>>> print(open('model36.txt').read())   # compact mmCIF, C-alpha atoms and all ligand atoms
# COMPACT_ATOMS: atom_id res chain seq x y z
CA MET A 1 -22.63 6.70 8.36
CA THR A 2 -21.77 5.86 12.00
CA ASP A 3 -20.77 8.56 14.47
CA ASN A 4 -17.13 7.60 14.04
CA THR A 5 -17.17 7.73 10.24
CA TYR A 6 -16.03 10.94 8.53
CA ASP A 7 -15.75 12.15 4.96
CA VAL A 8 -12.31 13.54 5.78
CA ILE A 9 -9.96 12.65 8.63
CA ILE A 10 -6.95 14.94 8.90
CA LEU A 11 -3.91 13.80 10.87
CA GLY A 12 -2.17 16.86 12.29
CA ALA A 13 -3.42 20.29 13.42
CA GLY A 14 -0.59 22.53 12.25
CA PRO A 15 -1.22 25.18 9.58
CA ALA A 16 -1.60 22.53 6.84
CA GLY A 17 -4.07 20.35 8.74
CA LEU A 18 -6.10 23.28 10.07
CA THR A 19 -6.36 24.83 6.61
CA ALA A 20 -7.49 21.50 5.18
CA GLY A 21 -10.05 21.40 8.02
CA ILE A 22 -11.33 24.90 7.17
CA TYR A 23 -11.74 24.03 3.49
CA SER A 24 -13.34 20.61 3.88
CA SER A 25 -15.75 21.53 6.68
CA ARG A 26 -16.76 24.67 4.78
CA ALA A 27 -17.50 22.37 1.81
CA ARG A 28 -19.99 20.62 4.18
CA LEU A 29 -17.83 17.50 4.41
CA ARG A 30 -17.91 15.78 7.80
CA THR A 31 -14.39 16.49 9.00
CA LEU A 32 -12.29 15.33 11.97
CA ILE A 33 -8.78 16.48 12.83
CA LEU A 34 -6.76 14.13 15.04
CA ASN A 35 -3.65 15.81 16.37
CA GLU A 36 -0.92 14.15 18.40
CA GLY A 37 0.40 17.43 19.80
CA THR A 38 -0.95 20.87 20.60
CA ALA A 39 -3.17 22.50 17.95
CA GLY A 40 -1.05 24.91 15.91
CA GLY A 41 1.85 22.48 15.44
CA GLN A 42 5.21 24.21 15.01
CA LEU A 43 3.42 27.55 15.24
CA VAL A 44 3.27 27.16 19.01
CA LEU A 45 7.12 27.10 19.06
CA THR A 46 7.28 30.38 17.15
CA HIS A 47 7.58 33.56 19.13
CA GLU A 48 6.62 35.89 16.27
CA ILE A 49 5.33 35.38 12.74
CA ALA A 50 6.04 38.47 10.65
CA ASN A 51 5.75 37.00 7.15
CA TYR A 52 2.18 35.70 7.04
CA PRO A 53 0.35 37.86 4.48
CA GLY A 54 -2.44 40.03 5.82
CA VAL A 55 -1.19 39.85 9.40
CA ASP A 56 1.39 42.43 10.39
CA SER A 57 2.91 40.51 13.30
CA ILE A 58 1.42 37.83 15.51
CA SER A 59 2.61 35.18 17.95
CA GLY A 60 2.61 31.68 16.48
CA PHE A 61 0.36 30.47 19.29
CA GLN A 62 -2.25 33.12 18.48
CA LEU A 63 -2.18 32.43 14.74
CA GLY A 64 -2.66 28.69 15.38
CA ASN A 65 -5.55 29.43 17.71
CA ILE A 66 -7.27 31.63 15.11
CA MET A 67 -6.88 28.91 12.45
CA LYS A 68 -8.33 26.31 14.83
CA LYS A 69 -11.31 28.53 15.75
CA GLN A 70 -11.98 29.13 12.05
CA ALA A 71 -12.05 25.38 11.35
CA VAL A 72 -14.32 24.69 14.34
CA LYS A 73 -16.64 27.53 13.28
CA PHE A 74 -17.28 25.70 10.01
CA GLY A 75 -18.12 22.47 11.85
CA CYS A 76 -14.76 20.71 11.98
CA THR A 77 -14.08 18.56 15.07
CA VAL A 78 -10.53 18.94 16.43
CA LYS A 79 -9.13 16.42 18.91
CA SER A 80 -5.65 17.29 20.17
CA ASN A 81 -3.06 15.53 22.34
CA ILE A 82 -4.37 12.14 21.25
CA ASN A 83 -2.25 9.00 20.83
CA ILE A 84 -2.64 7.05 17.58
CA THR A 85 -1.60 3.37 17.65
CA ALA A 86 -2.51 2.11 14.15
CA TYR A 87 -3.37 3.24 10.63
CA ASP A 88 -5.12 0.98 8.14
CA PHE A 89 -5.25 2.41 4.62
CA SER A 90 -5.76 -0.96 2.89
CA SER A 91 -9.55 -0.65 2.34
CA LYS A 92 -11.64 2.00 0.66
CA LEU A 93 -12.80 3.12 4.13
CA LYS A 94 -9.63 3.88 6.11
CA ARG A 95 -9.28 3.18 9.85
CA ILE A 96 -7.38 5.06 12.57
CA SER A 97 -7.04 3.41 16.01
CA LEU A 98 -6.28 5.31 19.19
CA LYS A 99 -4.52 4.15 22.35
CA ASN A 100 -7.72 4.67 24.39
CA GLY A 101 -9.49 2.09 22.18
CA ASP A 102 -11.43 4.57 20.01
CA GLU A 103 -11.56 3.88 16.27
CA TYR A 104 -12.32 6.41 13.53
CA PHE A 105 -13.13 5.68 9.89
CA GLY A 106 -12.38 8.06 7.03
CA LYS A 107 -13.49 7.96 3.39
CA THR A 108 -10.44 10.14 2.81
CA ILE A 109 -7.36 10.84 4.90
CA ILE A 110 -5.16 13.93 4.77
CA LEU A 111 -1.75 13.41 6.34
CA ALA A 112 -0.39 16.65 7.82
CA PRO A 113 1.98 15.53 10.59
CA GLY A 114 4.64 18.17 9.87
CA GLY A 115 8.12 17.69 11.20
CA LEU A 116 10.96 19.53 12.85
CA PRO A 117 14.38 20.89 11.90
CA ARG A 118 17.17 18.50 12.97
CA THR A 119 18.89 19.73 16.13
CA LEU A 120 22.54 19.55 17.23
CA GLY A 121 21.59 18.37 20.72
CA ILE A 122 24.29 20.48 22.40
CA PRO A 123 24.10 22.35 25.73
CA GLY A 124 22.28 25.68 25.40
CA GLU A 125 20.58 24.86 22.09
CA ALA A 126 17.11 24.19 23.52
CA GLU A 127 17.48 26.93 26.15
CA PHE A 128 18.22 29.66 23.57
CA LYS A 129 15.79 28.47 20.87
CA GLY A 130 13.87 31.59 19.79
CA ARG A 131 16.30 33.75 21.82
CA GLY A 132 19.21 33.71 19.40
CA VAL A 133 19.06 30.12 18.14
CA SER A 134 17.09 29.74 14.90
CA TYR A 135 16.45 27.10 12.26
CA CYS A 136 14.84 29.39 9.68
CA ALA A 137 16.57 32.24 7.82
CA THR A 138 13.37 33.42 6.11
CA CYS A 139 11.56 33.55 9.44
CA ASP A 140 14.22 35.17 11.63
CA GLY A 141 16.93 36.77 9.45
CA ASP A 142 15.46 40.24 9.82
CA PHE A 143 15.80 40.08 13.64
CA PHE A 144 19.60 39.88 13.22
CA THR A 145 20.08 42.98 11.08
CA GLY A 146 23.62 44.39 11.54
CA LYS A 147 24.62 41.54 13.88
CA GLU A 148 27.27 38.81 13.77
CA ILE A 149 26.04 35.25 13.61
CA VAL A 150 27.24 31.66 13.38
CA VAL A 151 25.73 29.29 10.80
CA VAL A 152 26.06 25.53 11.23
CA GLY A 153 25.93 23.08 8.30
CA GLY A 154 27.53 22.34 4.95
CA GLY A 155 24.76 21.23 2.59
CA ASN A 156 22.85 23.24 -0.01
CA SER A 157 20.43 24.70 2.50
CA ALA A 158 23.19 25.81 4.92
CA LEU A 159 25.17 27.53 2.17
CA GLU A 160 22.18 29.09 0.44
CA GLU A 161 20.61 30.24 3.70
CA ALA A 162 23.98 31.70 4.81
CA VAL A 163 24.16 33.71 1.58
CA SER A 164 20.57 34.92 2.06
CA LEU A 165 21.37 35.95 5.65
CA THR A 166 24.19 38.22 4.43
CA LYS A 167 21.41 40.65 3.36
CA TYR A 168 20.83 41.31 7.06
CA VAL A 169 23.89 40.49 9.12
CA SER A 170 27.33 42.09 9.19
CA LYS A 171 29.33 38.86 9.49
CA ILE A 172 28.78 35.10 9.36
CA THR A 173 31.05 32.40 10.71
CA LEU A 174 30.03 29.16 9.04
CA VAL A 175 30.99 26.03 10.99
CA HIS A 176 31.02 22.70 9.15
CA GLN A 177 32.05 19.26 10.33
CA PHE A 178 33.86 18.08 7.18
CA ASP A 179 36.74 19.51 5.09
CA HIS A 180 34.38 19.79 2.09
CA PHE A 181 30.74 20.78 1.49
CA GLN A 182 27.92 18.46 0.42
CA ALA A 183 26.36 21.04 -1.88
CA PHE A 184 26.06 21.98 -5.54
CA PRO A 185 29.14 23.77 -6.96
CA TYR A 186 27.15 26.98 -7.60
CA ALA A 187 26.08 27.14 -3.93
CA ILE A 188 29.66 26.57 -2.73
CA GLU A 189 31.00 29.19 -5.14
CA GLU A 190 28.39 31.75 -4.08
CA ALA A 191 29.11 31.24 -0.38
CA ARG A 192 32.91 31.15 -0.81
CA SER A 193 32.92 34.38 -2.80
CA ASN A 194 30.76 36.29 -0.29
CA PRO A 195 33.06 38.59 1.74
CA LYS A 196 30.73 38.47 4.78
CA ILE A 197 31.14 34.69 5.23
CA ASN A 198 34.12 33.12 7.03
CA PHE A 199 34.56 29.37 7.31
CA ILE A 200 35.63 27.11 10.13
CA MET A 201 35.92 23.60 8.68
CA GLU A 202 36.23 20.17 10.33
CA SER A 203 34.65 21.63 13.44
CA THR A 204 31.42 21.50 15.37
CA LEU A 205 29.66 23.56 18.03
CA SER A 206 30.13 22.19 21.54
CA GLY A 207 27.77 24.59 23.34
CA ILE A 208 25.79 27.82 23.20
CA SER A 209 25.73 30.33 26.05
CA GLY A 210 24.58 33.85 26.88
CA ASP A 211 22.17 35.74 29.10
CA GLU A 212 18.88 37.12 27.72
CA THR A 213 20.09 36.07 24.29
CA VAL A 214 23.01 34.19 22.73
CA ARG A 215 26.47 35.72 23.37
CA ARG A 216 28.99 32.94 22.73
CA VAL A 217 29.45 29.51 21.16
CA GLY A 218 32.06 26.85 21.87
CA VAL A 219 33.72 25.46 18.74
CA ARG A 220 35.58 22.14 18.78
CA ASN A 221 38.01 21.16 16.03
CA LEU A 222 37.11 17.55 15.19
CA LYS A 223 40.63 16.77 13.93
CA THR A 224 42.76 18.23 16.72
CA GLY A 225 40.20 18.21 19.56
CA GLU A 226 41.12 21.84 20.27
CA SER A 227 38.28 23.99 21.67
CA THR A 228 37.77 27.74 21.28
CA GLU A 229 35.02 30.20 22.13
CA ILE A 230 33.70 32.82 19.76
CA ALA A 231 31.43 35.76 20.49
CA THR A 232 28.21 35.85 18.46
CA ASP A 233 24.72 37.37 18.48
CA GLY A 234 22.98 34.31 17.13
CA VAL A 235 23.22 30.79 15.77
CA PHE A 236 21.39 29.47 12.69
CA ILE A 237 21.37 25.67 12.40
CA PHE A 238 20.75 24.05 9.00
CA ILE A 239 21.60 20.38 9.35
CA GLY A 240 18.50 18.80 7.87
CA TYR A 241 14.86 18.24 8.62
CA VAL A 242 12.98 15.31 10.13
CA ALA A 243 9.42 14.64 8.89
CA ASN A 244 7.02 13.03 11.41
CA THR A 245 6.33 10.10 9.14
CA ASP A 246 7.77 7.09 11.00
CA GLY A 247 4.28 5.68 11.55
CA PHE A 248 3.55 5.72 7.80
CA LYS A 249 6.60 3.68 6.72
CA GLY A 250 5.44 0.74 4.61
CA LEU A 251 1.94 2.23 4.23
CA ILE A 252 2.60 5.03 1.73
CA SER A 253 5.49 6.05 -0.53
CA LEU A 254 8.20 8.07 1.20
CA ASN A 255 11.52 9.30 -0.19
CA ASN A 256 14.89 8.47 1.40
CA TYR A 257 14.46 11.30 3.90
CA GLY A 258 11.07 9.99 5.07
CA GLU A 259 9.15 12.76 3.27
CA ILE A 260 5.79 11.83 1.72
CA ILE A 261 5.79 11.71 -2.08
CA VAL A 262 2.82 13.60 -3.54
CA ASP A 263 1.79 14.91 -6.94
CA PRO A 264 0.94 18.62 -7.43
CA GLU A 265 -2.61 17.93 -6.20
CA MET A 266 -1.33 16.33 -2.99
CA HIS A 267 -2.36 12.75 -3.89
CA THR A 268 -0.14 10.09 -2.32
CA ASN A 269 0.25 6.67 -3.98
CA ILE A 270 -2.85 5.41 -2.09
CA PRO A 271 -6.24 6.46 -3.55
CA GLY A 272 -8.12 8.55 -0.99
CA VAL A 273 -4.98 9.40 1.00
CA PHE A 274 -3.56 12.91 0.56
CA ALA A 275 -0.70 14.74 2.27
CA ALA A 276 0.13 18.39 2.94
CA GLY A 277 2.60 20.68 4.66
CA ASP A 278 6.11 20.17 5.98
CA CYS A 279 5.82 16.34 5.76
CA ILE A 280 5.83 16.23 1.95
CA VAL A 281 8.77 16.32 -0.45
CA LYS A 282 9.41 20.02 -1.00
CA ARG A 283 12.02 22.69 -0.73
CA TYR A 284 10.40 25.55 1.20
CA ARG A 285 8.82 24.88 4.58
CA GLN A 286 6.81 27.89 5.67
CA VAL A 287 3.38 28.61 7.12
CA THR A 288 2.30 30.05 3.76
CA THR A 289 3.40 26.95 1.85
CA ALA A 290 1.78 24.64 4.43
CA VAL A 291 -1.59 26.42 4.22
CA GLY A 292 -1.43 26.29 0.40
CA ASP A 293 -0.78 22.54 0.49
CA GLY A 294 -3.61 22.08 3.02
CA ALA A 295 -6.10 23.89 0.81
CA ILE A 296 -5.08 21.85 -2.25
CA ALA A 297 -5.28 18.55 -0.30
CA ALA A 298 -8.81 19.38 0.94
CA LEU A 299 -9.99 20.36 -2.56
CA SER A 300 -8.52 17.13 -3.97
CA ALA A 301 -10.20 15.09 -1.23
CA ALA A 302 -13.54 16.75 -2.08
CA GLU A 303 -13.01 15.92 -5.74
CA TYR A 304 -12.25 12.26 -4.87
CA LEU A 305 -15.43 12.08 -2.75
CA ARG A 306 -17.62 13.18 -5.68
CA THR A 307 -17.37 9.67 -7.14
CA TYR A 308 -16.81 7.72 -3.89
C1 LIG B 1 11.08 27.79 15.67
C2 LIG B 1 10.34 27.89 14.36
C3 LIG B 1 10.05 29.14 13.81
C4 LIG B 1 9.34 29.25 12.62
N1 LIG B 1 9.04 30.50 12.14
C5 LIG B 1 8.33 30.62 11.00
C6 LIG B 1 7.97 31.91 10.50
O1 LIG B 1 8.31 32.93 11.10
N2 LIG B 1 7.28 31.97 9.34
C7 LIG B 1 6.90 30.84 8.65
O2 LIG B 1 6.24 30.96 7.61
N3 LIG B 1 7.23 29.61 9.09
C8 LIG B 1 7.92 29.47 10.25
N4 LIG B 1 8.29 28.23 10.69
C9 LIG B 1 7.90 27.05 9.90
C10 LIG B 1 6.40 26.71 10.09
O3 LIG B 1 6.07 26.72 11.46
C11 LIG B 1 6.11 25.35 9.47
O4 LIG B 1 6.48 25.38 8.11
C12 LIG B 1 4.63 25.00 9.58
O5 LIG B 1 4.20 24.99 10.92
C13 LIG B 1 4.36 23.62 8.98
O6 LIG B 1 3.00 23.32 9.15
P1 LIG B 1 2.46 21.83 9.10
O7 LIG B 1 1.01 21.93 9.37
O8 LIG B 1 2.91 21.16 7.88
O9 LIG B 1 3.17 21.04 10.30
P2 LIG B 1 3.37 21.32 11.84
O10 LIG B 1 3.27 22.76 12.16
O11 LIG B 1 4.63 20.61 12.18
O12 LIG B 1 2.12 20.60 12.54
C14 LIG B 1 1.97 19.21 12.53
C15 LIG B 1 1.10 18.76 13.69
O13 LIG B 1 0.80 17.37 13.53
C16 LIG B 1 1.01 16.67 14.76
N5 LIG B 1 1.34 15.27 14.41
C17 LIG B 1 2.56 14.73 14.15
N6 LIG B 1 2.43 13.43 13.79
C18 LIG B 1 1.09 13.15 13.82
C19 LIG B 1 0.32 11.99 13.54
N7 LIG B 1 0.88 10.85 13.12
N8 LIG B 1 -1.02 12.06 13.68
C20 LIG B 1 -1.62 13.20 14.09
N9 LIG B 1 -0.94 14.34 14.38
C21 LIG B 1 0.41 14.32 14.23
C22 LIG B 1 2.14 17.44 15.42
O14 LIG B 1 2.14 17.22 16.82
C23 LIG B 1 1.77 18.88 15.06
O15 LIG B 1 0.85 19.40 15.99
C24 LIG B 1 8.96 28.08 11.90
C25 LIG B 1 9.26 26.81 12.43
C26 LIG B 1 9.93 26.71 13.66
C27 LIG B 1 10.23 25.33 14.23
>>> encode(input="model36.txt", output="structure tokens", more="lines below")
Ligand SMILES: Cc1cc2nc3c(=O)[nH]c(=O)nc-3n(C[C@H](O)[C@H](O)[C@H](O)COP(=O)(O)OP(=O)(O)OC[C@H]3O[C@@H](n4cnc5c(N)ncnc54)[C@H](O)[C@@H]3O)c2cc1C
Amino acid sequence: MTDNTYDVIILGAGPAGLTAGIYSSRARLRTLILNEGTAGGQLVLTHEIANYPGVDSISGFQLGNIMKKQAVKFGCTVKSNINITAYDFSSKLKRISLKNGDEYFGKTIILAPGGLPRTLGIPGEAEFKGRGVSYCATCDGDFFTGKEIVVVGGGNSALEEAVSLTKYVSKITLVHQFDHFQAFPYAIEEARSNPKINFIMESTLSGISGDETVRRVGVRNLKTGESTEIATDGVFIFIGYVANTDGFKGLISLNNYGEIIVDPEMHTNIPGVFAAGDCIVKRYRQVTTAVGDGAIAALSAAEYLRTY
């Protein structure tokens, strides 16, 4: 084995990749994590994690740091802020090429590049992210107990998340761009019959403003062009999710949304290539689900290596 050859190369150091790193290095497999961003992934964007079992409340940055330290303690090498230029999964030994000319070879690869919720791209959205603008009802709903919020979107997740948010908030104004919803009838019926949810159809948000936190949103009617302002304590945006899988197009099987298709043991369609976390086809994207996927992917990689 050369210095640049590893039993397991993990692409991505979010919760899924770091968990895979903990499991495979603890199994005495030579493990390298290559991460294009900051270690921790989306965790570093998260002010507070209050739903990770065993930890009462912790900043996302801290939780990511603990996971990284745990992986390193077991012998895993973590390289962050690197720039990958090519992936070659065509041979038994897979190759990853970096912009600086370095090449790494992996007997197995675990893809854990995560993704991000789709954004509206309107003024104020980035500024108030984590200060009233949220993309995750499960993560942040509790912070809005008794408050009035705006929900944006008209698919299954928007309607279902709006209904789940009614457990906490006093009122929801749901803003959707079309005159109909792109959701299952049961989800539409449940949202329509909930007395806490009001609907503004054929409209979009034009901006988000406030001071320490969100106070107002601009709403533009897409049919008449008329603009209004409404007071609100927060904005939840559910308009889809973008997996970081552009670089894998044509190399492994993805669904129409660019999510990696895996079986329950996290195998992709390429032998020796596994995937875990927010990048795979799944419904619930949480730290807990990502770490579960990461553990399964690492155990499956170890199993594959037994007969390599
Ligand atoms: C604002 C916000 C708040 C959230 N709050 C909560 C919460 O309270 N509770 C909860 O359970 N979940 C929460 N989530 C969701 C949770 O953070 C994600 O589900 C989880 O981080 C997914 O982990 P992951 O490892 O799959 O991917 P990510 O965390 O997205 O990490 C992927 C990493 O891979 C890197 N990468 C991307 N492409 C490549 C590549 N080709 N090669 C190498 N590296 C690559 C990325 O830069 C990133 O560092 C929140 C998400 C956001 C955005």
>>> residues_near_ligand(input="model36.txt", ligand="ligand LIG 1 (chain B)", cutoff="7 Å", atoms="all atoms listed in the file", output="PyMOL selection string")
chain A and resi 11-17+34-43+45-46+48-52+84+112-117+130+134-136+139-140+244-245+247+276-279+285-288+290
>>> residues_around(input="model36.txt", residues="Ala71 (chain A)", least_positions_apart="3", cutoff="7 Å", atoms="only C-alpha atoms", output="MDAnalysis selection string")
chainID A and resid 18 21:22 67:68 74:76
>>> axis_aligned_box(input="model36.txt", around="region 178-181 of chain A", padding_each_side="5 Å", output="lines of an AutoDock Vina configuration file")
center_x = 33.7
center_y = 19.4
center_z = 4.3
size_x = 16.0
size_y = 12.7
size_z = 15.7
>>> atom_distance(input="model36.txt", atom1="CA of Val281 (chain A)", atom2="CA of Ala301 (chain A)")
19.0 Å
>>> closest_residue(input="model36.txt", among="A:Ile96, A:Val262, A:Leu120, A:Ala295", to="Thr19 (chain A)", atoms="all atoms listed in the file")
A:Ala295
>>> closest_residue(input="model36.txt", among="A:Ala298, A:Ala275, A:Ala137, A:Ala86", to="Lys167 (chain A)", atoms="all atoms listed in the file")
A:Ala137
>>> atom_distance(input="model36.txt", atom1="CA of Phe199 (chain A)", atom2="CA of Thr138 (chain A)")
21.6 Å
>>> atom_distance(input="model36.txt", atom1="CA of Pro53 (chain A)", atom2="CA of Gly132 (chain A)")
24.4 Å
>>> closest_residue(input="model36.txt", among="A:Ile239, A:Asn194, A:Arg28, A:Phe128", to="Ala158 (chain A)", atoms="all atoms listed in the file")
A:Ile239
>>> decode(input="model36.txt", residues="region 94-104 of chain A", atoms="all heavy atoms", output="tab-separated table (two decimals), in the first residue's frame")
chain	number	residue	atom	x	y	z
A	94	LYS	N	-10.15	2.96	-6.54
A	94	LYS	CA	-10.73	4.23	-7.01
A	94	LYS	C	-9.74	5.37	-6.81
A	94	LYS	O	-8.94	5.35	-5.88
A	94	LYS	CB	-12.02	4.54	-6.23
A	94	LYS	CG	-13.25	3.79	-6.72
A	94	LYS	CD	-13.39	2.45	-6.14
A	94	LYS	CE	-14.64	1.72	-6.46
A	94	LYS	NZ	-14.45	0.53	-7.27
A	95	ARG	N	-9.82	6.40	-7.70
A	95	ARG	CA	-8.86	7.50	-7.64
A	95	ARG	C	-9.57	8.84	-7.46
A	95	ARG	O	-10.58	9.12	-8.11
A	95	ARG	CB	-8.02	7.54	-8.92
A	95	ARG	CG	-6.85	8.52	-8.80
A	95	ARG	CD	-5.96	8.51	-10.04
A	95	ARG	NE	-6.66	9.05	-11.19
A	95	ARG	CZ	-6.64	8.52	-12.40
A	95	ARG	NH1	-5.95	7.44	-12.64
A	95	ARG	NH2	-7.30	9.09	-13.39
A	96	ILE	N	-9.01	9.67	-6.57
A	96	ILE	CA	-9.52	11.03	-6.37
A	96	ILE	C	-8.37	11.99	-6.65
A	96	ILE	O	-7.29	11.85	-6.07
A	96	ILE	CB	-9.97	11.26	-4.89
A	96	ILE	CG1	-10.88	10.13	-4.38
A	96	ILE	CG2	-10.61	12.63	-4.71
A	96	ILE	CD1	-12.26	10.10	-4.94
A	97	SER	N	-8.59	12.96	-7.55
A	97	SER	CA	-7.52	13.91	-7.90
A	97	SER	C	-7.86	15.29	-7.36
A	97	SER	O	-9.01	15.76	-7.46
A	97	SER	CB	-7.37	14.02	-9.41
A	97	SER	OG	-7.26	12.74	-9.97
A	98	LEU	N	-6.86	15.94	-6.80
A	98	LEU	CA	-7.04	17.27	-6.21
A	98	LEU	C	-6.44	18.35	-7.12
A	98	LEU	O	-5.55	18.07	-7.93
A	98	LEU	CB	-6.36	17.34	-4.84
A	98	LEU	CG	-7.23	17.05	-3.62
A	98	LEU	CD1	-7.99	15.75	-3.76
A	98	LEU	CD2	-6.40	17.02	-2.35
A	99	LYS	N	-6.93	19.57	-6.94
A	99	LYS	CA	-6.46	20.70	-7.76
A	99	LYS	C	-4.95	20.92	-7.59
A	99	LYS	O	-4.27	21.32	-8.53
A	99	LYS	CB	-7.23	21.96	-7.34
A	99	LYS	CG	-7.08	23.08	-8.34
A	99	LYS	CD	-7.96	24.24	-7.99
A	99	LYS	CE	-7.73	25.37	-9.00
A	99	LYS	NZ	-8.41	26.57	-8.60
A	100	ASN	N	-4.44	20.66	-6.38
A	100	ASN	CA	-3.00	20.90	-6.14
A	100	ASN	C	-2.12	19.79	-6.71
A	100	ASN	O	-0.92	19.77	-6.49
A	100	ASN	CB	-2.74	21.05	-4.63
A	100	ASN	CG	-3.02	19.76	-3.86
A	100	ASN	OD1	-3.30	18.72	-4.46
A	100	ASN	ND2	-2.95	19.83	-2.55
A	101	GLY	N	-2.74	18.83	-7.43
A	101	GLY	CA	-1.95	17.77	-8.08
A	101	GLY	C	-1.89	16.48	-7.28
A	101	GLY	O	-1.50	15.44	-7.82
A	102	ASP	N	-2.30	16.51	-6.01
A	102	ASP	CA	-2.27	15.28	-5.20
A	102	ASP	C	-3.29	14.28	-5.73
A	102	ASP	O	-4.36	14.65	-6.23
A	102	ASP	CB	-2.64	15.59	-3.74
A	102	ASP	CG	-1.53	16.34	-3.02
A	102	ASP	OD1	-0.43	16.47	-3.60
A	102	ASP	OD2	-1.78	16.80	-1.88
A	103	GLU	N	-2.96	12.99	-5.59
A	103	GLU	CA	-3.90	11.93	-5.96
A	103	GLU	C	-4.03	10.96	-4.79
A	103	GLU	O	-3.03	10.64	-4.14
A	103	GLU	CB	-3.40	11.17	-7.18
A	103	GLU	CG	-3.58	11.95	-8.46
A	103	GLU	CD	-3.41	11.07	-9.69
A	103	GLU	OE1	-2.58	10.15	-9.65
A	103	GLU	OE2	-4.12	11.32	-10.68
A	104	TYR	N	-5.25	10.51	-4.51
A	104	TYR	CA	-5.49	9.55	-3.44
A	104	TYR	C	-6.23	8.35	-4.02
A	104	TYR	O	-7.07	8.51	-4.91
A	104	TYR	CB	-6.32	10.19	-2.31
A	104	TYR	CG	-5.57	11.31	-1.62
A	104	TYR	CD1	-5.80	12.63	-1.96
A	104	TYR	CD2	-4.61	11.03	-0.65
A	104	TYR	CE1	-5.10	13.65	-1.35
A	104	TYR	CE2	-3.91	12.05	-0.02
A	104	TYR	CZ	-4.15	13.35	-0.38
A	104	TYR	OH	-3.46	14.35	0.23
